[in-house]
Amino acid sequence: MLIQRIWFFLRGYLVILVKGPHPEQFLNAAIGQGVRLWDIQRFGPDWLLCKVGAQGFKKLRPVFRKTRCQGRIKQRIGLTFGLRRITKRPVLFLGIVVCLAVGYILSGFVWFVEVEGLQQIEPDSFRTTLEGVGVRAGARREDLDRQAIENELLKQETLIAWVSLKVKGTVAVVQVVEKELPETIPQGVVNIIAAKDGLIQKILVLKGYAAVTEGDTVHKGDLLISANPPA
């Protein structure tokens, strides 16, 4: 049923008013002619509303005469009639065609670039890098070689561990996973202190001077190995 309604919409159908002494005779005669009527609504003893396909309505003319009924078109519905109305207004028709053409052309370009995952890298600097590899507003979608761009970004940005480029419609989405840098190691001569309370079971000093011995109990913050010789 749904498929039939879609089919009639594409081809066009009419809402008609049928008036006469015996509308039921009109319905029977229409069925006899192979004309499909639907959504029949009877509002009185001598008139009703129904829907009929645009092609089927042509077959109803002899039926109207035979059953002494009158038929009047109340509404024209469907794609066919819509196109006819548009083509009768050339300026509107031309405007629609131009809009569709422009929309189709613009859909082949990237107009927005979204970047996700930046924390250490400066966003403006990274966008400059993206523009250098061709990812920018106005770029043609077909010119974006995803694999080549991802490899080039990994070469140019040393802080990137993984990068992905996806184009969704007119939006280019760049997802970035940055490398985790190790904590800064103090440079120069430093002391080693206890990070928490504990018992010294073994101590091996390669450089510096031991401030504790095996078996000592230490507390957080106590000096374990000194960089300077004892006074």
# chains A, B, ... in the order shown; residues from 1 in each chain; ligands from 1
>>> residues_around(residues="Tyr209 in chain A", least_positions_apart="6", cutoff="7 Å", atoms="only C-alpha atoms", output="list in words")
Ile225, Ser226, Ala227, Asn228 and Pro229 of chain A
>>> select_by_dssp(residues="chain A", states="strand (DSSP E)", output="number ranges by chain")
A: 13-19, 37-44, 47-53, 70-77, 109-110, 112-116, 139-140, 160-168, 171-178, 192-193, 198-199, 209-210, 217-218, 223-226
>>> residues_around(residues="Leu159 in chain A", least_positions_apart="4", cutoff="12 Å", atoms="only C-alpha atoms", output="ChimeraX atom specification")
/A:117-122,126,153-155,163,176-181
>>> write_last_selection(atoms="C-alpha atoms", output="short mmCIF file (atom, residue, chain, number, x, y, z; two decimals), in the first residue's frame")
data_model
loop_
_atom_site.label_atom_id
_atom_site.label_comp_id
_atom_site.auth_asym_id
_atom_site.auth_seq_id
_atom_site.Cartn_x
_atom_site.Cartn_y
_atom_site.Cartn_z
CA GLY A 117 43.29 15.91 20.70
CA LEU A 118 45.80 18.78 20.84
CA GLN A 119 47.28 19.44 24.27
CA GLN A 120 50.99 20.12 23.90
CA ILE A 121 51.03 21.35 20.29
CA GLU A 122 50.00 24.95 19.65
CA PHE A 126 49.32 22.88 13.83
CA LEU A 153 52.06 15.05 9.53
CA LEU A 154 53.90 12.35 11.49
CA LYS A 155 57.15 13.47 9.87
CA VAL A 163 47.00 10.97 13.53
CA VAL A 176 45.61 13.57 17.03
CA VAL A 177 47.20 11.48 19.79
CA GLU A 178 50.28 13.18 21.20
CA LYS A 179 53.35 11.45 22.59
CA GLU A 180 53.67 11.23 26.36
CA LEU A 181 56.90 12.98 27.25
#
>>> atom_distance(atom1="CA of Glu157 in chain A", atom2="CA of Leu130 in chain A")
10.5 Å
>>> residues_around(residues="Gly34 in chain A", least_positions_apart="5", cutoff="9 Å", atoms="only C-alpha atoms", output="NGL selection string")
:A and (29 or 56 or 59)
>>> residues_around(residues="Ile31 in chain A", least_positions_apart="5", cutoff="12 Å", atoms="only C-alpha atoms", output="ChimeraX atom specification")
/A:24-26,36-38,52,56,59-60,63
>>> write_last_selection(atoms="C-alpha atoms", output="PDB file, in the first residue's frame")
ATOM      1  CA  GLU A  24     -22.412   4.470  -5.629  1.00  0.00           C
ATOM      2  CA  GLN A  25     -23.167   3.711  -9.275  1.00  0.00           C
ATOM      3  CA  PHE A  26     -20.255   5.924 -10.212  1.00  0.00           C
ATOM      4  CA  ARG A  36      -8.467   2.677  -8.844  1.00  0.00           C
ATOM      5  CA  LEU A  37     -10.081   5.066  -6.359  1.00  0.00           C
ATOM      6  CA  TRP A  38      -8.965   5.436  -2.745  1.00  0.00           C
ATOM      7  CA  VAL A  52      -7.642   9.015  -8.363  1.00  0.00           C
ATOM      8  CA  GLY A  56      -7.034   7.142 -14.296  1.00  0.00           C
ATOM      9  CA  LYS A  59     -10.886   7.110 -18.066  1.00  0.00           C
ATOM     10  CA  LEU A  60     -13.629   8.534 -15.840  1.00  0.00           C
ATOM     11  CA  VAL A  63     -18.258   7.028 -16.436  1.00  0.00           C
TER      12      VAL A  63
END
>>> residues_around(residues="Lys202 in chain A", least_positions_apart="2", cutoff="7 Å", atoms="only C-alpha atoms", output="ChimeraX atom specification")
/A:200,204,214
>>> atom_distance(atom1="CA of Thr128 in chain A", atom2="CA of Thr170 in chain A")
19.4 Å
>>> closest_residue(among="A:Arg140, A:Lys19, A:Arg89, A:Lys166", to="Leu48 in chain A", atoms="only C-alpha atoms")
A:Lys19
>>> atom_distance(atom1="CA of Val18 in chain A", atom2="CA of Lys58 in chain A")
14.5 Å
>>> residues_around(residues="range 105-111 of chain A", least_positions_apart="6", cutoff="8 Å", atoms="only C-alpha atoms", output="PyMOL selection string")
chain A and resi 136-142+167+169-172
